[in-house]
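What follows is the content of entry.cif, which has mmCIF, C-alpha atoms:
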```cif
data_run
#
loop_
_atom_site.label_atom_id
_atom_site.label_comp_id
_atom_site.auth_asym_id
_atom_site.auth_seq_id
_atom_site.Cartn_x
_atom_site.Cartn_y
_atom_site.Cartn_z
CA MET D 1 -0.14 14.89 11.67
CA MET D 2 1.74 14.18 8.46
CA LYS D 3 -0.17 12.51 5.66
CA LYS D 4 0.82 8.88 5.16
CA HIS D 5 0.27 8.92 1.41
CA LYS D 6 2.84 11.54 0.51
CA VAL D 7 6.27 10.45 -0.70
CA ALA D 8 7.72 13.09 1.59
CA ALA D 9 5.94 11.59 4.61
CA LEU D 10 9.04 10.56 6.56
CA LEU D 11 8.48 8.57 9.68
CA LEU D 12 11.31 10.12 11.67
CA CYS D 13 11.91 13.78 12.37
CA CYS D 14 15.56 13.76 11.24
CA PHE D 15 14.46 15.32 7.96
CA ALA D 16 13.73 18.70 9.47
CA THR D 17 17.42 19.49 9.09
CA VAL D 18 17.50 18.23 5.49
CA ALA D 19 14.38 20.18 4.54
CA SER D 20 15.88 23.31 6.00
CA ALA D 21 19.02 22.88 3.91
CA GLN D 22 16.92 22.34 0.79
CA SER D 23 14.76 25.40 1.39
CA ILE D 24 17.68 27.81 1.04
CA HIS D 25 19.06 25.98 -2.02
CA GLU D 26 22.65 26.22 -0.82
CA PHE D 27 25.22 23.48 -1.30
CA THR D 28 28.88 23.36 -0.39
CA PRO D 29 31.54 23.31 -3.14
CA ALA D 30 32.04 19.58 -2.50
CA GLU D 31 28.30 18.95 -2.91
CA GLN D 32 28.30 20.85 -6.19
CA GLN D 33 31.34 19.03 -7.57
CA SER D 34 31.11 15.42 -6.36
CA ILE D 35 28.39 12.91 -7.18
CA SER D 36 28.75 10.77 -4.06
CA VAL D 37 28.76 12.87 -0.88
CA PRO D 38 26.97 12.43 2.47
CA THR D 39 23.69 14.28 2.95
CA PRO D 40 24.06 16.79 5.80
CA GLY D 41 21.69 16.14 8.70
CA LEU D 42 20.27 12.91 7.28
CA PHE D 43 21.29 10.81 10.29
CA GLU D 44 21.80 13.64 12.77
CA ARG D 45 19.01 12.65 15.16
CA SER D 46 18.72 8.95 14.45
CA ASP D 47 20.61 6.14 12.73
CA ALA D 48 17.53 5.24 10.68
CA PHE D 49 14.68 6.77 8.73
CA SER D 50 11.75 5.38 6.77
CA ILE D 51 9.81 6.38 3.65
CA ASP D 52 6.28 5.24 2.89
CA PHE D 53 5.78 4.34 -0.79
CA ASN D 54 2.45 2.56 -0.35
CA ASP D 55 0.23 5.14 -2.03
CA VAL D 56 2.29 7.69 -3.95
CA PRO D 57 0.26 10.32 -5.84
CA ALA D 58 0.81 10.34 -9.60
CA ASP D 59 2.28 13.85 -9.50
CA GLU D 60 4.97 12.87 -6.98
CA TYR D 61 6.72 10.12 -8.95
CA SER D 62 8.01 9.61 -12.48
CA PHE D 63 10.23 7.00 -14.07
CA PRO D 64 13.26 8.86 -15.53
CA LEU D 65 12.51 7.77 -19.11
CA PRO D 66 8.87 6.59 -19.16
CA VAL D 67 9.14 4.85 -22.55
CA GLY D 68 12.68 3.57 -22.09
CA LYS D 69 13.87 0.01 -21.58
CA ALA D 70 15.72 -0.45 -18.29
CA GLU D 71 18.44 -2.91 -17.32
CA LEU D 72 20.39 -3.26 -14.07
CA VAL D 73 24.15 -2.74 -14.55
CA ASN D 74 27.33 -2.36 -12.45
CA ASN D 75 26.48 -5.06 -9.92
CA ASN D 76 22.87 -3.90 -9.73
CA SER D 77 23.86 -0.46 -8.43
CA GLU D 78 22.58 1.46 -11.48
CA LEU D 79 19.99 1.34 -14.23
CA GLU D 80 20.86 1.81 -17.87
CA ILE D 81 17.68 3.08 -19.51
CA SER D 82 17.78 2.84 -23.32
CA THR D 83 15.56 5.04 -25.47
CA THR D 84 15.57 7.12 -28.64
CA LYS D 85 17.69 10.17 -29.40
CA GLY D 86 16.18 13.45 -28.20
CA ASP D 87 14.01 11.87 -25.47
CA ALA D 88 13.42 13.87 -22.28
CA VAL D 89 14.91 12.81 -18.95
CA LYS D 90 12.48 13.32 -16.04
CA ALA D 91 13.03 13.95 -12.33
CA MET D 92 11.89 10.96 -10.29
CA PHE D 93 10.67 12.85 -7.18
CA PRO D 94 10.33 16.50 -6.13
CA GLY D 95 13.60 18.01 -4.96
CA VAL D 96 16.45 20.45 -5.51
CA VAL D 97 19.29 20.15 -8.03
CA ARG D 98 22.53 19.61 -6.11
CA LEU D 99 24.89 19.04 -9.04
CA SER D 100 24.63 19.80 -12.75
CA LYS D 101 27.88 19.62 -14.71
CA HIS D 102 30.17 17.51 -16.87
CA ASN D 103 31.69 14.90 -14.60
CA ALA D 104 33.82 12.06 -15.96
CA PRO D 105 33.06 9.27 -16.56
CA PHE D 106 29.31 10.08 -16.56
CA GLY D 107 29.42 12.97 -19.05
CA ASN D 108 26.79 15.60 -18.35
CA VAL D 109 25.33 14.51 -15.04
CA ILE D 110 22.62 15.78 -12.70
CA VAL D 111 22.14 14.92 -9.04
CA ILE D 112 18.85 15.83 -7.33
CA ARG D 113 18.43 15.84 -3.56
CA HIS D 114 14.81 14.90 -2.95
CA ASP D 115 12.36 15.95 -0.29
CA ASN D 116 12.25 12.39 1.04
CA GLY D 117 15.99 12.21 1.81
CA LEU D 118 17.03 10.22 -1.27
CA GLU D 119 19.22 11.46 -4.11
CA THR D 120 18.97 10.42 -7.76
CA VAL D 121 21.67 10.57 -10.42
CA TYR D 122 21.11 11.04 -14.16
CA GLY D 123 24.23 10.55 -16.30
CA TYR D 124 25.38 10.63 -19.94
CA ASN D 125 22.96 13.45 -20.78
CA ALA D 126 23.32 15.19 -24.14
CA GLN D 127 22.26 18.43 -22.44
CA ASN D 128 21.42 19.41 -18.88
CA LEU D 129 18.41 21.71 -18.61
CA VAL D 130 18.58 22.60 -14.89
CA ARG D 131 21.10 24.37 -12.67
CA VAL D 132 22.29 23.90 -9.10
CA GLY D 133 19.66 25.19 -6.69
CA ASP D 134 16.71 24.75 -9.07
CA LYS D 135 13.60 23.26 -7.46
CA VAL D 136 12.11 20.53 -9.63
CA LYS D 137 8.85 18.62 -9.63
CA ALA D 138 8.40 14.89 -10.23
CA GLY D 139 8.13 14.34 -13.97
CA GLN D 140 9.76 17.66 -14.84
CA THR D 141 12.15 17.51 -17.82
CA ILE D 142 15.67 18.04 -16.48
CA ALA D 143 17.84 16.91 -19.42
CA ILE D 144 17.94 15.61 -22.98
CA VAL D 145 19.05 12.00 -23.12
CA GLY D 146 22.51 11.30 -24.46
CA GLY D 147 24.56 8.15 -24.35
CA GLU D 148 27.85 6.76 -25.55
CA GLY D 149 28.92 5.85 -29.08
CA LEU D 150 25.93 4.67 -31.08
CA ARG D 151 23.86 3.87 -27.97
CA THR D 152 21.27 6.30 -26.56
CA PHE D 153 20.65 5.86 -22.85
CA CYS D 154 20.55 7.44 -19.39
CA ASN D 155 22.65 6.02 -16.58
CA PHE D 156 20.46 6.28 -13.49
CA ALA D 157 21.23 5.66 -9.82
CA ILE D 158 19.58 6.12 -6.43
CA MET D 159 21.69 7.17 -3.45
CA VAL D 160 21.26 7.31 0.31
CA ASN D 161 23.86 9.45 2.07
CA GLY D 162 26.15 9.16 -0.95
CA ARG D 163 25.82 5.36 -1.19
CA ARG D 164 24.18 3.73 -4.21
CA ILE D 165 21.39 1.24 -3.57
CA ASN D 166 19.86 -1.28 -5.99
CA PRO D 167 17.11 0.64 -7.86
CA ALA D 168 15.04 -2.57 -8.02
CA ILE D 169 14.47 -2.22 -4.26
CA LEU D 170 12.31 0.82 -4.99
CA LEU D 171 10.78 0.10 -8.38
CA GLU D 172 9.88 -2.46 -11.01
CA VAL D 173 12.71 -2.41 -13.53
CA ASN D 174 10.46 -3.50 -16.40
CA GLY D 175 7.14 -2.11 -15.21
CA HIS D 176 8.58 1.25 -14.10
CA LYS D 177 6.23 1.41 -11.08
CA LEU D 178 7.20 1.95 -7.47
CA HIS D 179 6.83 -1.06 -5.19
CA LYS D 180 4.12 -0.50 -2.60
CA GLN D 181 6.13 -0.71 0.60
CA THR D 182 7.75 1.10 3.49
CA ILE D 183 11.54 1.23 3.31
CA THR D 184 13.79 1.79 6.33
CA PHE D 185 17.35 2.99 5.74
CA ARG D 186 19.76 2.40 8.63
CA ARG D 187 23.32 3.67 8.92
CA SER D 188 25.74 0.98 10.05
CA GLY D 189 29.26 2.40 10.03
CA LYS D 190 29.93 3.39 6.42
CA ARG D 191 27.24 1.01 5.15
CA ILE D 192 23.54 1.68 4.57
CA GLU D 193 21.27 -1.21 5.51
CA VAL D 194 17.93 -1.36 3.71
CA LYS D 195 14.86 -3.10 5.08
CA THR D 196 11.56 -3.26 3.18
CA ARG D 197 8.08 -3.99 4.45
CA ARG D 198 5.60 -4.59 1.67
CA VAL D 199 1.86 -4.69 2.21
CA ARG D 200 0.51 -7.79 0.55
CA ASP D 201 -2.14 -7.20 -2.09
CA ASN D 202 -5.08 -9.17 -0.72
CA MET D 203 -6.72 -9.32 -4.14
CA THR D 204 -3.80 -11.11 -5.85
CA ASP D 205 -2.40 -13.32 -3.09
CA PHE D 206 -5.18 -15.88 -3.27
CA ASN D 207 -3.81 -18.56 -0.95
CA ALA D 208 -2.36 -16.44 1.85
CA ASP D 209 -4.25 -15.51 5.00
CA PRO D 210 -5.82 -12.11 4.21
CA PHE D 211 -5.91 -11.35 7.94
CA ALA D 212 -2.24 -12.05 8.64
CA ASN D 213 -1.71 -8.40 9.62
CA GLY D 214 -4.97 -7.80 11.49
CA THR D 215 -8.59 -8.79 11.93
CA THR D 216 -10.16 -6.23 9.58
CA ILE D 217 -9.82 -5.44 5.86
CA LYS D 218 -11.10 -2.31 4.13
CA TRP D 219 -11.90 -2.85 0.45
CA ASN D 220 -12.89 0.23 -1.53
CA LEU D 221 -14.55 -1.11 -4.67
CA ALA D 222 -14.12 2.29 -6.34
CA ASP D 223 -10.36 1.70 -6.35
CA MET D 224 -10.71 -1.31 -8.66
CA LYS D 225 -9.52 -0.69 -12.21
CA PRO D 226 -11.74 -1.86 -15.10
CA SER D 227 -9.25 -4.66 -15.82
CA GLN D 228 -9.56 -5.95 -12.25
CA TRP D 229 -13.23 -6.92 -12.27
CA SER D 230 -16.01 -8.13 -14.54
CA TYR D 231 -19.72 -8.70 -14.24
CA PRO D 232 -20.24 -12.48 -14.63
CA LEU D 233 -22.56 -12.00 -17.62
CA PRO D 234 -22.13 -8.52 -19.13
CA GLY D 235 -25.38 -7.23 -20.61
CA ALA D 236 -27.54 -9.74 -18.73
CA HIS D 237 -30.25 -9.09 -16.12
CA VAL D 238 -31.35 -10.72 -12.87
CA ILE D 239 -34.44 -12.91 -13.13
CA SER D 240 -34.36 -14.15 -9.53
CA PRO D 241 -32.85 -12.07 -6.69
CA TYR D 242 -31.08 -13.15 -3.53
CA GLY D 243 -33.14 -14.06 -0.47
CA ASN D 244 -36.62 -15.40 0.19
CA ARG D 245 -38.83 -16.29 -2.74
CA ARG D 246 -41.99 -18.34 -3.12
CA GLY D 247 -42.85 -18.13 0.56
CA SER D 248 -40.24 -19.67 2.84
CA HIS D 249 -37.85 -20.85 0.13
CA SER D 250 -34.52 -18.98 0.34
CA HIS D 251 -32.47 -18.26 -2.75
CA SER D 252 -28.75 -18.42 -1.99
CA GLY D 253 -27.59 -16.26 -4.90
CA VAL D 254 -28.88 -14.36 -7.91
CA ASP D 255 -29.98 -15.88 -11.22
CA ILE D 256 -28.65 -13.93 -14.18
CA LYS D 257 -30.52 -14.45 -17.43
CA THR D 258 -28.86 -14.49 -20.80
CA LYS D 259 -28.83 -16.58 -23.95
CA ALA D 260 -27.80 -20.22 -24.11
CA ASN D 261 -24.04 -20.80 -24.18
CA ASP D 262 -23.24 -17.17 -23.46
CA ASN D 263 -19.78 -16.55 -22.02
CA VAL D 264 -19.54 -16.74 -18.23
CA ARG D 265 -16.71 -14.58 -16.92
CA ALA D 266 -14.63 -14.60 -13.73
CA ALA D 267 -15.63 -11.68 -11.52
CA PHE D 268 -12.06 -11.05 -10.29
CA ASP D 269 -8.60 -12.53 -10.58
CA GLY D 270 -8.48 -15.79 -8.69
CA GLU D 271 -7.76 -19.50 -8.48
CA VAL D 272 -10.28 -22.20 -9.41
CA ILE D 273 -11.02 -24.42 -6.39
CA GLU D 274 -13.95 -26.38 -7.90
CA SER D 275 -14.97 -27.23 -11.44
CA ALA D 276 -17.33 -30.20 -11.55
CA TYR D 277 -20.95 -31.33 -11.66
CA SER D 278 -22.44 -30.54 -8.25
CA GLY D 279 -26.05 -31.64 -7.67
CA GLY D 280 -28.60 -28.86 -8.10
CA TYR D 281 -25.87 -26.45 -9.23
CA GLY D 282 -25.20 -28.59 -12.29
CA ASN D 283 -21.84 -27.75 -13.79
CA CYS D 284 -20.41 -25.58 -11.04
CA ILE D 285 -17.30 -23.43 -10.68
CA ARG D 286 -15.91 -21.89 -7.50
CA ILE D 287 -13.09 -19.37 -7.58
CA ARG D 288 -11.07 -18.16 -4.61
CA HIS D 289 -10.09 -14.50 -4.83
CA GLY D 290 -8.39 -12.19 -2.35
CA ASN D 291 -9.88 -10.51 0.75
CA GLY D 292 -11.46 -13.83 1.80
CA LEU D 293 -13.83 -13.78 -1.20
CA VAL D 294 -15.06 -16.87 -3.08
CA THR D 295 -17.46 -16.68 -6.03
CA LEU D 296 -19.67 -19.49 -7.36
CA TYR D 297 -21.11 -19.94 -10.87
CA GLY D 298 -23.76 -22.61 -11.47
CA HIS D 299 -25.77 -24.32 -14.26
CA GLN D 300 -23.09 -23.98 -16.99
CA SER D 301 -23.61 -26.09 -20.08
CA LYS D 302 -19.83 -26.51 -20.02
CA ASN D 303 -17.03 -25.58 -17.65
CA LEU D 304 -13.90 -24.29 -19.38
CA VAL D 305 -11.49 -24.18 -16.43
CA LYS D 306 -9.86 -26.76 -14.16
CA VAL D 307 -9.14 -26.89 -10.43
CA GLY D 308 -5.87 -25.14 -9.63
CA GLN D 309 -6.04 -22.90 -12.69
CA ARG D 310 -5.45 -19.19 -12.14
CA VAL D 311 -7.83 -16.92 -14.00
CA LYS D 312 -7.99 -13.20 -14.71
CA ALA D 313 -11.00 -10.95 -14.17
CA GLY D 314 -13.20 -11.14 -17.26
CA GLN D 315 -11.69 -14.42 -18.44
CA ILE D 316 -14.26 -16.83 -19.93
CA ILE D 317 -14.64 -19.72 -17.49
CA GLY D 318 -17.74 -21.48 -18.83
CA LEU D 319 -20.83 -21.37 -21.05
CA ALA D 320 -24.27 -20.49 -19.68
CA GLY D 321 -26.72 -23.38 -19.55
CA ARG D 322 -29.45 -25.14 -17.56
CA THR D 323 -27.70 -28.12 -15.97
CA GLY D 324 -28.79 -29.16 -12.48
CA ARG D 325 -32.02 -27.75 -11.09
CA ALA D 326 -32.75 -25.10 -13.72
CA THR D 327 -35.72 -24.45 -15.99
CA THR D 328 -34.06 -21.93 -18.29
CA GLU D 329 -30.57 -21.01 -19.41
CA HIS D 330 -28.97 -18.75 -16.82
CA VAL D 331 -26.09 -18.43 -14.39
CA HIS D 332 -26.62 -18.85 -10.67
CA PHE D 333 -24.10 -16.53 -8.98
CA GLU D 334 -23.13 -16.64 -5.29
CA ILE D 335 -20.47 -14.93 -3.17
CA PHE D 336 -18.86 -15.93 0.14
CA PHE D 337 -16.61 -14.01 2.51
CA CYS D 338 -14.60 -16.21 4.87
CA GLY D 339 -17.07 -19.03 4.29
CA ARG D 340 -20.22 -16.95 4.94
CA ARG D 341 -22.67 -16.39 2.09
CA TYR D 342 -23.72 -12.84 1.19
CA ASN D 343 -26.04 -11.10 -1.23
CA PRO D 344 -24.04 -10.48 -4.45
CA ASN D 345 -25.60 -7.01 -4.46
CA ILE D 346 -22.94 -6.07 -1.92
CA LEU D 347 -20.46 -6.23 -4.80
CA PHE D 348 -22.45 -5.57 -7.97
CA ASN D 349 -25.19 -3.23 -9.10
CA HIS D 350 -27.18 -5.65 -11.28
CA ASP D 351 -29.02 -2.85 -13.06
CA THR D 352 -25.79 -1.35 -14.41
CA ASN D 353 -23.61 -4.50 -14.37
CA LYS D 354 -21.00 -2.49 -12.47
CA LEU D 355 -19.31 -2.61 -9.09
CA GLN D 356 -21.04 -0.78 -6.27
CA ASN D 357 -19.55 2.58 -5.32
CA ALA D 358 -18.92 1.44 -1.78
CA THR D 359 -16.28 0.42 0.75
CA LEU D 360 -16.57 -3.01 2.36
CA THR D 361 -15.35 -3.70 5.88
CA ILE D 362 -14.50 -7.40 6.15
CA GLN D 363 -13.93 -9.01 9.54
CA LYS D 364 -11.93 -12.15 10.16
CA ASN D 365 -15.08 -13.84 11.50
CA GLY D 366 -16.74 -13.33 8.09
CA SER D 367 -18.83 -10.31 9.02
CA VAL D 368 -19.10 -7.82 6.14
CA THR D 369 -20.57 -4.34 6.14
CA SER D 370 -20.92 -1.94 3.22
CA ARG D 371 -20.72 1.85 3.30
CA LYS D 372 -21.56 3.97 0.25
CA ASN D 373 -18.68 6.21 -0.84
#
```
Could you take the file, read its structure, and then write that structure out as structure tokens?
Amino acid sequence: MMKKHKVAALLLCCFATVASAQSIHEFTPAEQQSISVPTPGLFERSDAFSIDFNDVPADEYSFPLPVGKAELVNNNSELEISTTKGDAVKAMFPGVVRLSKHNAPFGNVIVIRHDNGLETVYGYNAQNLVRVGDKVKAGQTIAIVGGEGLRTFCNFAIMVNGRRINPAILLEVNGHKLHKQTITFRRSGKRIEVKTRRVRDNMTDFNADPFANGTTIKWNLADMKPSQWSYPLPGAHVISPYGNRRGSHSHSGVDIKTKANDNVRAAFDGEVIESAYSGGYGNCIRIRHGNGLVTLYGHQSKNLVKVGQRVKAGQIIGLAGRTGRATTEHVHFEIFFCGRRYNPNILFNHDTNKLQNATLTIQKNGSVTSRKN
């Protein structure tokens, strides 16, 4: 079974023919001379093929000029990537060099036929550093950037069967990252139809139904970047845990002790759905995040956010206090999945103030289980 997370993981078997052609590194005279030519065997067994870009390893993708500034040109069929003289042009994906020559009007140009069935074009190079038949890796230097007149740039295009497609379909023009999606390319006469299916990021789409595509979500906390989460009170400690205390009295969250008016921070990116005085909670804030998660922060001396405001992980949302039913300055912290309350320990290790090294399985009915990684 082919691995889903590889760029070369093609969903249809039509690429066996293409891979075979690539393995012997042979191209016809037309393929070695012309930029736009059909790819032999690409649609031999089917009129469509798909590529999974949802989880591309770092060593299988590179933006052609990582520090360059990109702009769509020529009716959005190409990117003009501006940079400084002498910069290195990189191969976007693994593949084989099909063309490397001077070809008006693109100057020194390189075309790479990739393992995933796409072809990429790199034009206006000052110097080509690879030859026809060379196997290249993603991120490998293939040319020195050139340009035209006083401008230094690379003219970059992506082709399917000799037809250019809008590069913005695959990648963020400004951010340089690949879109997480599956793309299907379908041949329709001489045209290539492109259909994308993007997997919604449940941790940034706060208002959408997180279970629109199924009844279960897997959330690996270890995948969260440091900028994507924050302990509500960094450096603080728990003075009252979740669960039963003082006999039958149940504590619905954890109390985190700190100094008066310390900064209370949003645990994750989210949208404020409550910011008001709320009985025993005192000044209370609720934030809706992705994956069906809502967090609650109570007893603030002052709330600093309003309902409807979007906040980033680590953003200061209030000041620690003792409003409501509280005998000392602290933050009362609660979490909910799909309306059901859970022990915040499922997310955070309160001893280290860090996320748990665990994967959560979240059901549409609100059931959550945790498995250590």
Residue contacts of Ser227 in chain D (9 Å, only C-alpha atoms) excluding same-chain residues fewer than 6 positions away, as a list in words = Phe268, Lys312, Ala313 and Gly314 of chain D
Applied to this file, what does the PyMOL selection byres ((chain D and resi 34) around 10) return in terms of residues, put as a list of chain:residue names?
->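 Those residues are D:Pro29, D:Ala30, D:Glu31, D:Gln32, D:Gln33, D:Ile35, D:Ser36, D:Val37, D:Arg98, D:Leu99, D:Lys101, D:Asn103, D:Val111, D:Gly162.
With all atoms listed in the file as the basis for measurement, D:Leu178 is the residue among D:Ala320, D:Ala260, D:Leu129, D:Leu178 that approaches Ala58 in chain D most closely.
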Taking the file as shown, find all residues satisfying the PyMOL selection byres ((chain D and resi 150) around 12) and write them as a VMD selection string.
-> chain D and resid 82 to 85 146 to 149 151 to 153
Option closest in space to Gly117 in chain D, from D:Asn54, D:Asn74, D:Asn174, D:Thr39 [counting all atoms listed in the file] =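 Looking only at the distances to Gly117 in chain D, the closest residue turns out to be D:Thr39.
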Using only C-alpha atoms, find each residue in range 169-257 of chain D having at least one atom no more than 7 Å away from range 343-352 of chain D; report its shortest atom-to-atom pair and that distance in Å (one decimal), rows by chain then rising number, as a Markdown table.
```
| residue | atom | partner | partner_atom | distance |
| --- | --- | --- | --- | --- |
| D:His237 | CA | D:His350 | CA | 6.7 |
| D:Val238 | CA | D:His350 | CA | 6.8 |
| D:Tyr242 | CA | D:Asn343 | CA | 5.9 |
| D:Gly253 | CA | D:Asn343 | CA | 6.5 |
```
Target residues per the PyMOL selection byres ((chain D and resi 143) around 8), formatted as a list of chain:residue names =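 Going through the file, the PyMOL selection byres ((chain D and resi 143) around 8) ends up selecting D:Ala88, D:Val89, D:Lys90, D:Asn125, D:Ala126, D:Gln127, D:Asn128, D:Leu129, D:Val130, D:Thr141, D:Ile142, D:Ile144, D:Val145.
Closest approach to Val160 in chain D among D:Asn116, D:Ala267, D:Gly339, D:Phe333 is made by D:Asn116 (distances from all atoms listed in the file).
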Enclose range 144-154 of chain D, meaning all of its atoms listed in the file, in a box aligned along x, y and z, pad it by 6 Å on each side, and list the centre and edge lengths in Å to one decimal, as JSON.
```
{"center_x": 23.4, "center_y": 9.7, "center_z": -25.2, "size_x": 23.0, "size_y": 23.7, "size_z": 23.7}
```
Separation of CA of Thr216 in chain D and CA of Val254 in chain D, in Å?
->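 One can read the CA of Thr216 in chain D to CA of Val254 in chain D distance as 26.9 Å.
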What would the list of residues within 9 Å of (4.8, 9.4, -10.6) (file frame) look like as a PDB file with C-alpha atoms, keeping the file's coordinate frame, if only C-alpha atoms are what count?
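Contents of the output file result23.pdb:
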```
ATOM      1  CA  VAL D  56       2.290   7.690  -3.950  1.00  0.00           C
ATOM      2  CA  PRO D  57       0.260  10.320  -5.840  1.00  0.00           C
ATOM      3  CA  ALA D  58       0.810  10.340  -9.600  1.00  0.00           C
ATOM      4  CA  ASP D  59       2.280  13.850  -9.500  1.00  0.00           C
ATOM      5  CA  GLU D  60       4.970  12.870  -6.980  1.00  0.00           C
ATOM      6  CA  TYR D  61       6.720  10.120  -8.950  1.00  0.00           C
ATOM      7  CA  SER D  62       8.010   9.610 -12.480  1.00  0.00           C
ATOM      8  CA  PHE D  63      10.230   7.000 -14.070  1.00  0.00           C
ATOM      9  CA  MET D  92      11.890  10.960 -10.290  1.00  0.00           C
ATOM     10  CA  PHE D  93      10.670  12.850  -7.180  1.00  0.00           C
ATOM     11  CA  ALA D 138       8.400  14.890 -10.230  1.00  0.00           C
ATOM     12  CA  GLY D 139       8.130  14.340 -13.970  1.00  0.00           C
ATOM     13  CA  LYS D 177       6.230   1.410 -11.080  1.00  0.00           C
ATOM     14  CA  LEU D 178       7.200   1.950  -7.470  1.00  0.00           C
TER      15      LEU D 178
END
```
Neighbour list for His299 in chain D as a PyMOL selection string, cut-off 6 Å, only C-alpha atoms, skip fewer than 6 positions in-chain | chain D and resi 281-283+321-324+331
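Every protein, DNA or RNA residue with an atom at most 7 Å from Lys218 in chain D, where all atoms listed in the file count and chain neighbours fewer than 5 positions away do not, is listed here: Thr359, Leu360, Thr361 and Ile362 of chain D.
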What is the CA of Ala70 in chain D-CA of Asp223 in chain D distance in Å, reported with one decimal?
-> 28.8 Å
Quote the spacing between CA of Ile317 in chain D and CA of Met224 in chain D in Å to one decimal place.
->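 Computed distance, CA of Ile317 in chain D to CA of Met224 in chain D, equals 20.8 Å.
A cut-off of 10 Å from the point (-14.9, -11.9, -2.7), with all atoms listed in the file, picks out the residues Met203, Ala267, Phe268, Gly270, Ile287, Arg288, His289, Gly290, Asn291, Gly292, Leu293, Val294, Thr295, Glu334, Ile335, Phe336, Phe337, Cys338, Tyr342, Pro344, Ile346, Leu347 and Ile362 of chain D.
For the residues D:Val307, D:Ala236, D:Leu72, D:Ile285, ranking by smallest atom-to-atom distance to Glu172 in chain D using only C-alpha atoms places D:Leu72 first.
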Could you pull the residues within 9 Å of Pro234 in chain D, counting only C-alpha atoms, minus those fewer than 2 positions along the same chain, as an NGL selection string?
-> :D and (230-232 or 236-237 or 263-265 or 353)
